[in-house]
file data.csv (CSV, C-alpha atoms (C1' of nucleotides))
chain,number,residue,atom,x,y,z
S,275,MET,CA,-207.0,-28.7,-32.2
S,276,ILE,CA,-205.5,-31.5,-30.0
S,277,PHE,CA,-205.2,-29.6,-26.8
S,278,SER,CA,-207.1,-26.5,-25.4
S,279,LYS,CA,-205.5,-23.1,-25.8
S,280,ALA,CA,-204.9,-23.1,-22.0
S,281,CYS,CA,-203.0,-26.4,-22.3
S,282,GLU,CA,-200.9,-25.1,-25.1
S,283,TYR,CA,-200.0,-22.0,-23.0
S,284,GLY,CA,-199.4,-24.2,-20.0
S,285,ILE,CA,-196.9,-26.5,-21.8
S,286,ARG,CA,-195.1,-23.6,-23.4
S,287,ALA,CA,-194.9,-21.7,-20.1
S,288,THR,CA,-193.6,-24.8,-18.2
S,289,VAL,CA,-190.9,-25.4,-20.8
S,290,TYR,CA,-189.9,-21.7,-20.6
S,291,ILE,CA,-189.8,-21.7,-16.8
S,292,ALA,CA,-187.8,-24.9,-16.8
S,293,ARG,CA,-185.3,-23.5,-19.3
S,294,GLN,CA,-184.8,-20.5,-17.0
S,295,SER,CA,-184.4,-22.7,-14.0
S,296,LEU,CA,-181.6,-24.5,-15.7
S,297,ASN,CA,-179.8,-21.1,-15.6
S,298,GLN,CA,-180.9,-20.5,-12.0
S,299,ASN,CA,-183.2,-17.8,-13.1
S,300,ARG,CA,-186.7,-17.2,-11.9
S,301,ALA,CA,-189.3,-16.3,-14.5
S,302,SER,CA,-191.9,-13.6,-13.8
S,303,LEU,CA,-195.4,-13.7,-15.3
S,304,LYS,CA,-194.5,-10.8,-17.5
S,305,ASP,CA,-191.4,-12.5,-18.9
S,306,ILE,CA,-193.3,-15.7,-19.5
S,307,SER,CA,-196.2,-14.3,-21.4
S,308,ARG,CA,-193.8,-12.2,-23.5
S,309,GLU,CA,-191.6,-15.1,-24.3
S,310,ILE,CA,-194.3,-17.6,-25.1
S,311,ASP,CA,-196.6,-15.0,-26.7
S,312,SER,CA,-199.7,-15.6,-24.5
S,313,PRO,CA,-202.2,-13.3,-22.7
S,314,GLU,CA,-200.8,-12.3,-19.3
S,315,ALA,CA,-203.8,-12.6,-17.0
S,316,PHE,CA,-205.0,-15.9,-18.6
S,317,THR,CA,-201.5,-17.3,-18.3
S,318,ALA,CA,-201.5,-16.4,-14.6
S,319,LYS,CA,-204.6,-18.6,-14.1
S,320,ILE,CA,-202.9,-21.5,-15.8
S,321,LEU,CA,-199.7,-21.1,-13.9
S,322,GLN,CA,-201.6,-21.2,-10.6
S,323,GLU,CA,-203.1,-24.6,-11.7
S,324,LEU,CA,-199.7,-25.9,-12.6
S,325,VAL,CA,-198.4,-24.8,-9.1
S,326,ARG,CA,-201.3,-26.6,-7.5
S,327,HIS,CA,-200.4,-29.8,-9.4
S,328,GLY,CA,-196.7,-29.4,-8.3
S,329,ILE,CA,-195.4,-29.1,-11.8
S,330,ILE,CA,-193.8,-25.7,-11.0
S,331,ASN,CA,-193.2,-23.6,-7.9
S,332,SER,CA,-194.1,-20.0,-7.3
S,333,VAL,CA,-192.4,-17.4,-5.1
S,334,LYS,CA,-194.4,-14.4,-4.0
S,335,GLY,CA,-193.1,-10.9,-3.4
S,336,ALA,CA,-190.5,-8.7,-5.1
S,337,THR,CA,-187.9,-10.8,-6.9
S,338,GLY,CA,-190.5,-13.5,-6.9
S,339,GLY,CA,-191.7,-15.5,-9.9
S,340,PHE,CA,-192.0,-19.1,-11.1
S,341,GLU,CA,-189.4,-21.8,-11.1
S,342,ALA,CA,-189.0,-25.5,-11.8
S,343,ASP,CA,-187.1,-28.0,-9.7
S,344,VAL,CA,-184.2,-29.2,-11.8
S,345,LYS,CA,-184.1,-32.5,-10.0
S,346,LYS,CA,-187.7,-33.2,-10.9
S,347,MET,CA,-187.5,-32.3,-14.6
S,348,ARG,CA,-186.6,-35.8,-15.7
S,349,LYS,CA,-189.6,-37.2,-13.9
S,350,ILE,CA,-192.2,-34.7,-15.1
S,351,LYS,CA,-193.7,-35.9,-18.4
S,352,LEU,CA,-195.7,-34.0,-21.0
S,353,MET,CA,-198.7,-36.1,-19.9
S,354,ASP,CA,-198.5,-34.6,-16.4
S,355,ILE,CA,-198.8,-31.1,-17.7
S,356,VAL,CA,-201.7,-32.1,-20.1
S,357,ILE,CA,-203.6,-33.8,-17.3
S,358,ALA,CA,-203.1,-30.8,-15.0
S,359,ILE,CA,-204.8,-28.5,-17.4
S,360,ASP,CA,-207.1,-30.6,-19.7
S,361,GLY,CA,-207.8,-33.4,-17.2
S,362,ASP,CA,-207.8,-37.1,-18.0
S,363,LEU,CA,-207.7,-37.8,-21.7
S,364,SER,CA,-208.9,-41.4,-21.6
S,365,ASP,CA,-212.6,-40.5,-22.2
S,366,LYS,CA,-211.7,-38.2,-25.1
S,367,MET,CA,-209.7,-40.7,-27.0
S,368,CYS,CA,-212.3,-41.9,-29.6
S,369,VAL,CA,-212.0,-39.9,-32.8
S,370,LEU,CA,-215.8,-40.0,-33.3
S,371,GLY,CA,-216.6,-39.1,-29.7
S,372,LEU,CA,-218.0,-42.4,-28.6
S,373,LYS,CA,-217.9,-43.0,-24.8
S,374,LYS,CA,-217.3,-46.7,-24.9
S,375,CYS,CA,-215.3,-47.1,-28.0
S,376,SER,CA,-213.1,-50.2,-27.7
S,377,SER,CA,-212.0,-53.2,-29.7
S,378,ILE,CA,-215.2,-54.9,-28.5
S,379,GLN,CA,-217.4,-52.0,-29.5
S,380,PRO,CA,-215.3,-50.1,-32.0
S,381,CYS,CA,-216.3,-47.0,-33.9
S,382,PRO,CA,-215.8,-47.2,-37.7
S,383,VAL,CA,-212.2,-45.8,-37.4
S,384,HIS,CA,-211.2,-47.5,-34.2
S,385,HIS,CA,-208.9,-50.1,-35.7
S,386,LYS,CA,-207.3,-47.6,-38.1
S,387,TYR,CA,-206.6,-45.1,-35.3
S,388,LYS,CA,-205.5,-47.6,-32.6
S,389,SER,CA,-201.8,-47.5,-33.3
S,390,ILE,CA,-201.8,-43.8,-33.7
S,391,ARG,CA,-203.4,-43.2,-30.4
S,392,LYS,CA,-201.0,-45.6,-28.8
S,393,ASP,CA,-198.0,-43.8,-30.3
S,394,PHE,CA,-199.4,-40.5,-29.2
S,395,GLN,CA,-200.0,-41.6,-25.6
S,396,LYS,CA,-196.5,-43.1,-25.5
S,397,MET,CA,-195.1,-39.8,-26.6
S,398,LEU,CA,-196.9,-37.9,-23.9
S,399,ASN,CA,-195.8,-40.5,-21.3
S,400,THR,CA,-192.2,-40.5,-22.3
S,401,THR,CA,-191.4,-36.9,-23.2
S,402,SER,CA,-189.9,-35.3,-20.2
S,403,LEU,CA,-189.8,-31.6,-19.1
S,404,SER,CA,-186.0,-32.2,-19.0
S,405,GLU,CA,-185.6,-32.9,-22.7
S,406,MET,CA,-188.1,-30.2,-23.8
S,407,SER,CA,-186.3,-27.5,-21.8
S,408,SER,CA,-182.9,-28.7,-22.9
S,409,SER,CA,-183.8,-28.5,-26.6
S,410,LEU,CA,-184.8,-24.9,-26.0
S,411,LYS,CA,-181.6,-24.1,-24.0
S,412,ASP,CA,-179.6,-25.5,-26.8
S,413,GLY,CA,-181.4,-23.3,-29.4
S,414,LEU,CA,-182.9,-26.4,-31.1
S,415,SER,CA,-186.5,-25.3,-30.6
S,416,TRP,CA,-188.9,-22.4,-30.3
S,417,LEU,CA,-191.8,-21.4,-28.0
S,418,LYS,CA,-193.4,-18.7,-30.1
S,419,ILE,CA,-194.2,-17.6,-33.7
F,17,MET,CA,-210.5,-33.6,-28.2
F,18,ILE,CA,-209.1,-34.0,-31.8
F,19,PHE,CA,-212.2,-32.8,-33.7
F,20,SER,CA,-215.1,-30.5,-32.7
F,21,LYS,CA,-218.3,-32.0,-31.5
F,22,ALA,CA,-219.9,-30.8,-34.8
F,23,CYS,CA,-217.3,-32.7,-36.7
F,24,GLU,CA,-217.8,-35.9,-34.7
F,25,TYR,CA,-221.6,-35.7,-35.3
F,26,GLY,CA,-220.9,-35.0,-39.0
F,27,ILE,CA,-218.8,-38.0,-39.5
F,28,ARG,CA,-221.1,-40.3,-37.6
F,29,ALA,CA,-224.1,-38.9,-39.5
F,30,THR,CA,-222.4,-39.4,-42.9
F,31,VAL,CA,-221.4,-43.0,-42.1
F,32,TYR,CA,-225.0,-43.7,-41.0
F,33,ILE,CA,-226.5,-42.1,-44.1
F,34,ALA,CA,-224.0,-44.0,-46.3
F,35,ARG,CA,-224.9,-47.3,-44.6
F,36,GLN,CA,-228.6,-46.7,-45.3
F,37,SER,CA,-227.9,-45.8,-48.9
F,38,LEU,CA,-226.2,-49.2,-49.3
F,39,ASN,CA,-229.7,-50.6,-48.6
F,40,GLN,CA,-231.4,-48.0,-50.9
F,41,ASN,CA,-232.9,-46.3,-47.9
F,42,ARG,CA,-233.1,-42.6,-47.3
F,43,ALA,CA,-232.3,-41.4,-43.8
F,44,SER,CA,-234.5,-38.7,-42.1
F,45,LEU,CA,-233.0,-36.2,-39.7
F,46,LYS,CA,-235.0,-37.9,-36.9
F,47,ASP,CA,-233.6,-41.3,-37.7
F,48,ILE,CA,-230.1,-40.0,-38.0
F,49,SER,CA,-230.0,-38.1,-34.7
F,50,ARG,CA,-231.6,-41.1,-32.9
F,51,GLU,CA,-229.1,-43.6,-34.4
F,52,ILE,CA,-226.0,-41.6,-33.8
F,53,ASP,CA,-227.2,-40.1,-30.5
F,54,SER,CA,-226.9,-36.4,-31.4
F,55,PRO,CA,-229.1,-33.3,-30.9
F,56,GLU,CA,-231.5,-33.1,-33.8
F,57,ALA,CA,-231.5,-29.4,-34.6
F,58,PHE,CA,-227.8,-29.1,-34.3
F,59,THR,CA,-227.3,-32.1,-36.5
F,60,ALA,CA,-229.6,-30.5,-39.1
F,61,LYS,CA,-227.2,-27.6,-39.4
F,62,ILE,CA,-224.2,-29.9,-39.8
F,63,LEU,CA,-226.0,-32.0,-42.5
F,64,GLN,CA,-226.7,-28.8,-44.5
F,65,GLU,CA,-223.0,-28.0,-44.5
F,66,LEU,CA,-222.2,-31.5,-45.7
F,67,VAL,CA,-224.8,-31.2,-48.5
F,68,ARG,CA,-223.2,-27.9,-49.5
F,69,HIS,CA,-219.9,-29.6,-49.7
F,70,GLY,CA,-221.3,-32.4,-51.9
F,71,ILE,CA,-220.6,-35.1,-49.3
F,72,ILE,CA,-224.2,-36.1,-49.0
F,73,ASN,CA,-227.5,-35.2,-50.9
F,74,SER,CA,-230.8,-34.0,-49.4
F,75,VAL,CA,-234.3,-34.6,-50.7
F,76,LYS,CA,-237.0,-32.2,-49.6
F,77,GLY,CA,-240.7,-33.0,-49.0
F,78,ALA,CA,-242.5,-36.0,-47.6
F,79,THR,CA,-240.5,-39.2,-48.0
F,80,GLY,CA,-237.5,-36.9,-48.3
F,81,GLY,CA,-234.3,-37.2,-46.2
F,82,PHE,CA,-230.6,-37.6,-46.7
F,83,GLU,CA,-228.7,-40.0,-48.9
F,84,ALA,CA,-225.2,-40.7,-50.2
F,85,ASP,CA,-224.2,-41.6,-53.7
F,86,VAL,CA,-222.9,-45.2,-53.6
F,87,LYS,CA,-220.7,-44.6,-56.6
F,88,LYS,CA,-218.9,-41.7,-54.8
F,89,MET,CA,-218.3,-43.5,-51.5
F,90,ARG,CA,-215.0,-45.0,-52.4
F,91,LYS,CA,-213.8,-41.5,-53.5
F,92,ILE,CA,-215.0,-39.6,-50.4
F,93,LYS,CA,-212.4,-39.7,-47.6
F,94,LEU,CA,-212.6,-39.0,-43.9
F,95,MET,CA,-210.5,-36.0,-44.6
F,96,ASP,CA,-213.2,-34.5,-46.9
F,97,ILE,CA,-215.7,-34.7,-44.1
F,98,VAL,CA,-213.4,-33.2,-41.5
F,99,ILE,CA,-212.5,-30.3,-43.8
F,100,ALA,CA,-216.2,-29.7,-44.6
F,101,ILE,CA,-216.9,-29.1,-40.9
F,102,ASP,CA,-213.7,-28.1,-39.1
F,103,GLY,CA,-211.9,-26.5,-42.1
F,104,ASP,CA,-208.3,-26.9,-43.1
F,105,LEU,CA,-206.3,-28.6,-40.4
F,106,SER,CA,-202.8,-27.6,-41.6
F,107,ASP,CA,-202.6,-24.5,-39.3
F,108,LYS,CA,-203.7,-26.4,-36.3
F,109,MET,CA,-201.2,-29.2,-36.5
F,110,CYS,CA,-198.6,-28.0,-34.0
F,111,VAL,CA,-199.3,-29.6,-30.6
F,112,LEU,CA,-198.2,-26.5,-28.8
F,113,GLY,CA,-200.2,-24.1,-31.1
F,114,LEU,CA,-197.2,-22.4,-32.8
F,115,LYS,CA,-198.2,-20.9,-36.2
F,116,LYS,CA,-194.9,-21.5,-38.0
F,117,CYS,CA,-193.8,-24.8,-36.4
F,118,SER,CA,-191.7,-26.7,-38.8
F,119,SER,CA,-188.4,-28.7,-39.0
F,120,ILE,CA,-186.6,-25.3,-39.5
F,121,GLN,CA,-188.4,-23.7,-36.5
F,122,PRO,CA,-189.6,-26.7,-34.4
F,123,CYS,CA,-191.5,-26.5,-31.1
F,124,PRO,CA,-190.0,-28.6,-28.3
F,125,VAL,CA,-192.1,-31.7,-29.4
F,126,HIS,CA,-192.1,-31.2,-33.1
F,127,HIS,CA,-189.7,-34.1,-33.9
F,128,LYS,CA,-191.3,-36.5,-31.5
F,129,TYR,CA,-194.8,-35.7,-33.0
F,130,LYS,CA,-193.8,-35.6,-36.7
F,131,SER,CA,-194.4,-39.3,-37.5
F,132,ILE,CA,-197.6,-39.4,-35.5
F,133,ARG,CA,-199.0,-36.4,-37.4
F,134,LYS,CA,-198.0,-38.0,-40.6
F,135,ASP,CA,-199.7,-41.3,-39.8
F,136,PHE,CA,-202.8,-39.4,-38.6
F,137,GLN,CA,-203.1,-37.4,-41.8
F,138,LYS,CA,-202.5,-40.5,-43.9
F,139,MET,CA,-205.3,-42.2,-42.1
F,140,LEU,CA,-207.7,-39.3,-42.8
F,141,ASN,CA,-206.6,-39.2,-46.4
F,142,THR,CA,-207.0,-43.0,-47.1
F,143,THR,CA,-210.0,-44.0,-45.0
F,144,SER,CA,-213.0,-43.9,-47.3
F,145,LEU,CA,-216.7,-43.5,-46.6
F,146,SER,CA,-217.1,-46.8,-48.4
F,147,GLU,CA,-215.1,-48.8,-45.8
F,148,MET,CA,-216.5,-46.9,-42.8
F,149,SER,CA,-220.1,-47.6,-43.9
F,150,SER,CA,-219.3,-51.2,-44.9
F,151,SER,CA,-217.9,-52.0,-41.5
F,152,LEU,CA,-221.1,-50.7,-40.0
F,153,LYS,CA,-223.3,-52.7,-42.4
F,154,ASP,CA,-221.4,-55.8,-41.5
F,155,GLY,CA,-222.0,-55.2,-37.8
F,156,LEU,CA,-218.3,-54.7,-37.2
F,157,SER,CA,-218.6,-51.2,-35.8
F,158,TRP,CA,-220.8,-48.8,-33.8
F,159,LEU,CA,-222.0,-45.2,-34.1
F,160,LYS,CA,-223.3,-44.6,-30.6
F,161,ILE,CA,-222.6,-45.4,-26.9
E,87,DT,C1',-191.0,1.3,7.8
E,88,DA,C1',-192.6,2.8,3.2
E,89,DT,C1',-192.4,1.4,-1.4
E,90,DA,C1',-192.3,-1.4,-5.3
E,91,DA,C1',-192.7,-5.6,-7.6
E,92,DA,C1',-194.4,-9.8,-7.6
E,93,DT,C1',-198.2,-13.8,-7.0
E,94,DC,C1',-203.1,-15.1,-5.5
E,95,DA,C1',-208.1,-15.4,-5.5
E,96,DG,C1',-212.5,-14.2,-7.0
E,97,DA,C1',-215.5,-11.7,-9.9
E,98,DT,C1',-216.5,-10.3,-14.4
E,99,DG,C1',-216.5,-9.8,-19.4
E,100,DT,C1',-216.0,-11.6,-24.3
E,101,DT,C1',-216.0,-14.9,-27.9
E,102,DT,C1',-216.7,-19.3,-29.8
E,103,DT,C1',-219.0,-23.5,-29.8
E,104,DT,C1',-223.0,-26.0,-29.1
E,105,DA,C1',-227.8,-26.2,-29.3
E,106,DT,C1',-232.7,-24.7,-30.1
E,107,DC,C1',-236.8,-22.4,-32.2
E,108,DC,C1',-239.7,-21.0,-35.7
E,109,DG,C1',-241.5,-19.8,-40.1
E,110,DA,C1',-240.8,-20.9,-45.1
E,111,DT,C1',-240.5,-24.1,-48.7
E,112,DT,C1',-240.9,-28.6,-50.9
E,113,DA,C1',-243.1,-32.7,-52.4
E,114,DA,C1',-245.8,-37.2,-51.8
E,115,DT,C1',-250.4,-38.8,-51.2
E,116,DA,C1',-255.1,-39.2,-49.5
L,268,DT,C1',-256.4,-29.5,-53.4
L,269,DA,C1',-255.6,-30.1,-48.5
L,270,DT,C1',-252.7,-32.4,-45.4
L,271,DT,C1',-248.6,-34.1,-43.8
L,272,DA,C1',-243.9,-35.0,-43.4
L,273,DA,C1',-239.8,-33.7,-44.7
L,274,DT,C1',-235.6,-30.1,-45.4
L,275,DC,C1',-233.9,-25.0,-45.3
L,276,DG,C1',-232.5,-20.6,-43.4
L,277,DG,C1',-232.3,-17.2,-40.2
L,278,DA,C1',-232.7,-15.7,-35.4
L,279,DT,C1',-232.0,-16.7,-30.8
L,280,DA,C1',-230.3,-19.0,-26.5
L,281,DA,C1',-227.1,-21.6,-23.5
L,282,DA,C1',-222.8,-23.4,-22.3
L,283,DA,C1',-218.0,-23.6,-22.5
L,284,DA,C1',-213.7,-21.6,-23.5
L,285,DC,C1',-210.9,-17.7,-23.5
L,286,DA,C1',-209.5,-13.6,-21.4
L,287,DT,C1',-209.5,-9.5,-18.2
L,288,DC,C1',-209.9,-6.7,-14.0
L,289,DT,C1',-209.4,-5.5,-9.3
L,290,DG,C1',-208.1,-5.8,-4.6
L,291,DA,C1',-205.4,-8.6,-1.3
L,292,DT,C1',-201.2,-10.6,0.1
L,293,DT,C1',-196.3,-11.3,0.2
L,294,DT,C1',-191.5,-10.0,0.3
L,295,DA,C1',-187.0,-7.7,-1.0
L,296,DT,C1',-184.9,-3.4,-0.5
L,297,DA,C1',-184.1,1.6,-0.2
call {"tool": "encode", "arguments": {"input": "data.csv", "output": "structure tokens"}}
result
Amino acid sequence: MIFSKACEYGIRATVYIARQSLNQNRASLKDISREIDSPEAFTAKILQELVRHGIINSVKGATGGFEADVKKMRKIKLMDIVIAIDGDLSDKMCVLGLKKCSSIQPCPVHHKYKSIRKDFQKMLNTTSLSEMSSSLKDGLSWLKI
Amino acid sequence: MIFSKACEYGIRATVYIARQSLNQNRASLKDISREIDSPEAFTAKILQELVRHGIINSVKGATGGFEADVKKMRKIKLMDIVIAIDGDLSDKMCVLGLKKCSSIQPCPVHHKYKSIRKDFQKMLNTTSLSEMSSSLKDGLSWLKI
DNA sequence: TATAAATCAGATGTTTTTATCCGATTAATA
DNA sequence: TATTAATCGGATAAAAACATCTGATTTATA
């Protein structure tokens, strides 16, 4: 629904990697796809994109894998992950798919949706990788099922 | 983003048809796809689905076309159109795509998204075809560009 | 230095969504 | 009754999203 499957996997993978990094553990592709319940090869592609965007780091070779910089986790927001995978959302924000939907040229639900969109964007812009991975570390949230 | 392209076209088409029905005009497929800027043959398929769901009516033959029952417009909600085209949303409501995301087994953004999802569903359940088509009739909203 | 375990990059395959085509049917009207 | 302008239904095509495969490269370690 809201995000592409790739983006869902990307967010879940990033949170899992971050959670492992809080324990100074590197996560291998195999671990990740098992723990977030995603197809391995497809997940690999998404992880590469996240590496290119600097959201996570990869280490090649035996004992390699993926890791997240603990110092950057507070700074990285859910929005950054979404943009890395699904691209800029601003075009896609009209419920009825109009390209130039705005308060000047509103679609029939623009005014009713306005505050919801605003809340949603605020959530994406303020939710950090730090808090998502901490909730997981503390057993307060899930990444599969 | 939120809805499929088919669903966006379906909503826009329904609002246009309803707006014409307020003037006792039937809308032809050609008119509809021109006025909402959608591919004609694809829109035809979507209209058939909406007819099957009783959202709109179709009239065959010359002078035929599509129309909406003015008496039912207050009763028909945006949610009815969405369900007719995209099906039940309740499965697809977790931002991270978890099947059993709930307050008991929440994904890492469940609690942050909860109120937004609620507001969104409320909007779908309370916005009527009547008000969407009226805003269009009154020149207060757009269906293309 | 050979092996094993990992990521990387590009090609390929599958499924779903989006879109089109065409012949059949319906109904108004000249 | 013939023509014309509409919807309907099924088949097909194209594009995008989702997913896999394979060979290359990297690096720890026996």
call {"tool": "calpha_fit_and_write", "arguments": {"input": "data.csv", "fixed": "chain S", "moving": "chain F", "output": "short mmCIF file (atom, residue, chain, number, x, y, z; two decimals) with C-alpha atoms, in the coordinates of the input"}}
result
data_model
loop_
_atom_site.label_atom_id
_atom_site.label_comp_id
_atom_site.auth_asym_id
_atom_site.auth_seq_id
_atom_site.Cartn_x
_atom_site.Cartn_y
_atom_site.Cartn_z
CA MET F 17 -206.97 -28.81 -32.17
CA ILE F 18 -205.54 -31.66 -29.96
CA PHE F 19 -205.23 -29.68 -26.70
CA SER F 20 -207.05 -26.57 -25.39
CA LYS F 21 -205.47 -23.21 -25.79
CA ALA F 22 -204.95 -23.19 -21.97
CA CYS F 23 -203.07 -26.41 -22.25
CA GLU F 24 -200.85 -25.18 -25.08
CA TYR F 25 -199.98 -22.03 -23.05
CA GLY F 26 -199.35 -24.26 -20.00
CA ILE F 27 -196.92 -26.45 -21.71
CA ARG F 28 -195.08 -23.62 -23.38
CA ALA F 29 -194.97 -21.72 -20.07
CA THR F 30 -193.59 -24.76 -18.18
CA VAL F 31 -190.87 -25.41 -20.78
CA TYR F 32 -189.89 -21.71 -20.60
CA ILE F 33 -189.82 -21.68 -16.80
CA ALA F 34 -187.81 -24.95 -16.80
CA ARG F 35 -185.30 -23.49 -19.28
CA GLN F 36 -184.78 -20.46 -17.03
CA SER F 37 -184.36 -22.64 -13.98
CA LEU F 38 -181.52 -24.44 -15.79
CA ASN F 39 -179.77 -21.03 -15.62
CA GLN F 40 -180.87 -20.45 -11.96
CA ASN F 41 -183.22 -17.73 -13.08
CA ARG F 42 -186.73 -17.18 -11.88
CA ALA F 43 -189.31 -16.32 -14.51
CA SER F 44 -191.92 -13.52 -13.87
CA LEU F 45 -195.40 -13.74 -15.30
CA LYS F 46 -194.51 -10.77 -17.55
CA ASP F 47 -191.45 -12.47 -18.93
CA ILE F 48 -193.26 -15.71 -19.46
CA SER F 49 -196.24 -14.29 -21.35
CA ARG F 50 -193.89 -12.15 -23.51
CA GLU F 51 -191.61 -15.12 -24.35
CA ILE F 52 -194.30 -17.59 -25.15
CA ASP F 53 -196.65 -15.01 -26.72
CA SER F 54 -199.70 -15.57 -24.49
CA PRO F 55 -202.20 -13.29 -22.69
CA GLU F 56 -200.76 -12.40 -19.32
CA ALA F 57 -203.78 -12.65 -17.06
CA PHE F 58 -204.96 -15.83 -18.59
CA THR F 59 -201.53 -17.33 -18.31
CA ALA F 60 -201.49 -16.37 -14.61
CA LYS F 61 -204.50 -18.57 -14.02
CA ILE F 62 -202.92 -21.50 -15.86
CA LEU F 63 -199.62 -21.14 -13.88
CA GLN F 64 -201.58 -21.30 -10.59
CA GLU F 65 -203.10 -24.59 -11.66
CA LEU F 66 -199.67 -25.94 -12.52
CA VAL F 67 -198.31 -24.83 -9.12
CA ARG F 68 -201.24 -26.61 -7.48
CA HIS F 69 -200.35 -29.71 -9.33
CA GLY F 70 -196.69 -29.50 -8.22
CA ILE F 71 -195.41 -29.06 -11.78
CA ILE F 72 -193.84 -25.73 -11.08
CA ASN F 73 -193.22 -23.58 -7.87
CA SER F 74 -194.16 -19.92 -7.30
CA VAL F 75 -192.37 -17.37 -5.16
CA LYS F 76 -194.36 -14.39 -3.97
CA GLY F 77 -193.08 -10.83 -3.38
CA ALA F 78 -190.52 -8.69 -5.14
CA THR F 79 -187.93 -10.75 -6.98
CA GLY F 80 -190.53 -13.51 -6.88
CA GLY F 81 -191.75 -15.46 -9.95
CA PHE F 82 -191.99 -19.02 -11.15
CA GLU F 83 -189.41 -21.76 -11.13
CA ALA F 84 -189.04 -25.49 -11.73
CA ASP F 85 -187.11 -27.96 -9.66
CA VAL F 86 -184.19 -29.18 -11.81
CA LYS F 87 -184.06 -32.46 -9.96
CA LYS F 88 -187.74 -33.20 -10.85
CA MET F 89 -187.51 -32.34 -14.55
CA ARG F 90 -186.53 -35.74 -15.74
CA LYS F 91 -189.52 -37.20 -13.78
CA ILE F 92 -192.15 -34.70 -15.01
CA LYS F 93 -193.68 -35.81 -18.33
CA LEU F 94 -195.68 -33.98 -20.96
CA MET F 95 -198.56 -36.09 -19.88
CA ASP F 96 -198.45 -34.63 -16.32
CA ILE F 97 -198.80 -31.16 -17.72
CA VAL F 98 -201.64 -32.04 -20.07
CA ILE F 99 -203.56 -33.78 -17.28
CA ALA F 100 -203.00 -30.79 -14.94
CA ILE F 101 -204.80 -28.52 -17.42
CA ASP F 102 -207.07 -30.57 -19.68
CA GLY F 103 -207.76 -33.46 -17.23
CA ASP F 104 -207.79 -37.14 -17.98
CA LEU F 105 -207.72 -37.80 -21.68
CA SER F 106 -208.92 -41.44 -21.62
CA ASP F 107 -212.62 -40.52 -22.21
CA LYS F 108 -211.82 -38.27 -25.06
CA MET F 109 -209.77 -40.68 -27.08
CA CYS F 110 -212.36 -41.88 -29.59
CA VAL F 111 -212.06 -39.80 -32.78
CA LEU F 112 -215.77 -39.91 -33.32
CA GLY F 113 -216.62 -39.05 -29.63
CA LEU F 114 -218.15 -42.44 -28.66
CA LYS F 115 -217.99 -43.00 -24.85
CA LYS F 116 -217.48 -46.77 -24.92
CA CYS F 117 -215.36 -47.15 -28.08
CA SER F 118 -213.19 -50.14 -27.77
CA SER F 119 -212.02 -53.25 -29.75
CA ILE F 120 -215.28 -54.99 -28.55
CA GLN F 121 -217.47 -52.01 -29.60
CA PRO F 122 -215.31 -50.09 -32.16
CA CYS F 123 -216.34 -46.93 -34.02
CA PRO F 124 -215.84 -47.11 -37.79
CA VAL F 125 -212.18 -45.79 -37.44
CA HIS F 126 -211.22 -47.41 -34.22
CA HIS F 127 -208.83 -50.00 -35.76
CA LYS F 128 -207.24 -47.57 -38.14
CA TYR F 129 -206.63 -45.07 -35.23
CA LYS F 130 -205.53 -47.59 -32.56
CA SER F 131 -201.77 -47.51 -33.29
CA ILE F 132 -201.75 -43.76 -33.73
CA ARG F 133 -203.42 -43.25 -30.34
CA LYS F 134 -200.98 -45.61 -28.82
CA ASP F 135 -197.95 -43.82 -30.26
CA PHE F 136 -199.45 -40.46 -29.21
CA GLN F 137 -199.97 -41.54 -25.62
CA LYS F 138 -196.51 -43.09 -25.50
CA MET F 139 -195.06 -39.83 -26.63
CA LEU F 140 -196.88 -37.90 -23.87
CA ASN F 141 -195.84 -40.47 -21.32
CA THR F 142 -192.07 -40.53 -22.25
CA THR F 143 -191.32 -36.94 -23.25
CA SER F 144 -189.89 -35.26 -20.18
CA LEU F 145 -189.72 -31.62 -19.15
CA SER F 146 -185.98 -32.15 -18.97
CA GLU F 147 -185.61 -32.86 -22.73
CA MET F 148 -188.15 -30.22 -23.80
CA SER F 149 -186.33 -27.50 -21.83
CA SER F 150 -182.89 -28.76 -22.89
CA SER F 151 -183.76 -28.54 -26.55
CA LEU F 152 -184.81 -24.97 -25.97
CA LYS F 153 -181.63 -24.11 -24.04
CA ASP F 154 -179.59 -25.51 -26.86
CA GLY F 155 -181.41 -23.33 -29.38
CA LEU F 156 -182.89 -26.37 -31.07
CA SER F 157 -186.50 -25.38 -30.56
CA TRP F 158 -188.95 -22.46 -30.30
CA LEU F 159 -191.81 -21.41 -28.02
CA LYS F 160 -193.41 -18.69 -30.10
CA ILE F 161 -194.25 -17.71 -33.73
#
call {"tool": "interface_residues", "arguments": {"input": "data.csv", "of": "chain F", "to": "chain S", "cutoff": "9 Å", "atoms": "all atoms listed in the file", "output": "PyMOL selection string"}}
result
chain F and resi 17-21+23-25+27-28+31+105+108-117+120-126+128-129+132-133+135-136+139+143+147-152+156-161
call {"tool": "interface_residues", "arguments": {"input": "data.csv", "of": "chain L", "to": "chain F", "cutoff": "12 Å", "atoms": "all atoms listed in the file", "output": "list in words"}}
result
DT270, DT271, DA272, DA273, DT274, DC275, DG276 and DG277 of chain L
call {"tool": "closest_residue", "arguments": {"input": "data.csv", "among": "S:Met353, S:Leu321, S:Ile329, S:Met347", "to": "Ala280 of chain S", "atoms": "only C-alpha atoms"}}
result
S:Leu321
call {"tool": "closest_atom_pairs", "arguments": {"input": "data.csv", "of": "chain E", "to": "chain S", "cutoff": "12 Å", "atoms": "only C-alpha atoms (C1' of nucleotides)", "output": "Markdown table"}}
result
| residue | atom | partner | partner_atom | distance |
| --- | --- | --- | --- | --- |
| E:DT89 | C1' | S:Ala336 | CA | 10.9 |
| E:DA90 | C1' | S:Ala336 | CA | 7.5 |
| E:DA91 | C1' | S:Ala336 | CA | 4.5 |
| E:DA92 | C1' | S:Gly335 | CA | 4.5 |
| E:DT93 | C1' | S:Lys334 | CA | 4.9 |
| E:DC94 | C1' | S:Gln322 | CA | 8.1 |
| E:DA95 | C1' | S:Lys319 | CA | 9.8 |
| E:DG96 | C1' | S:Lys319 | CA | 11.5 |
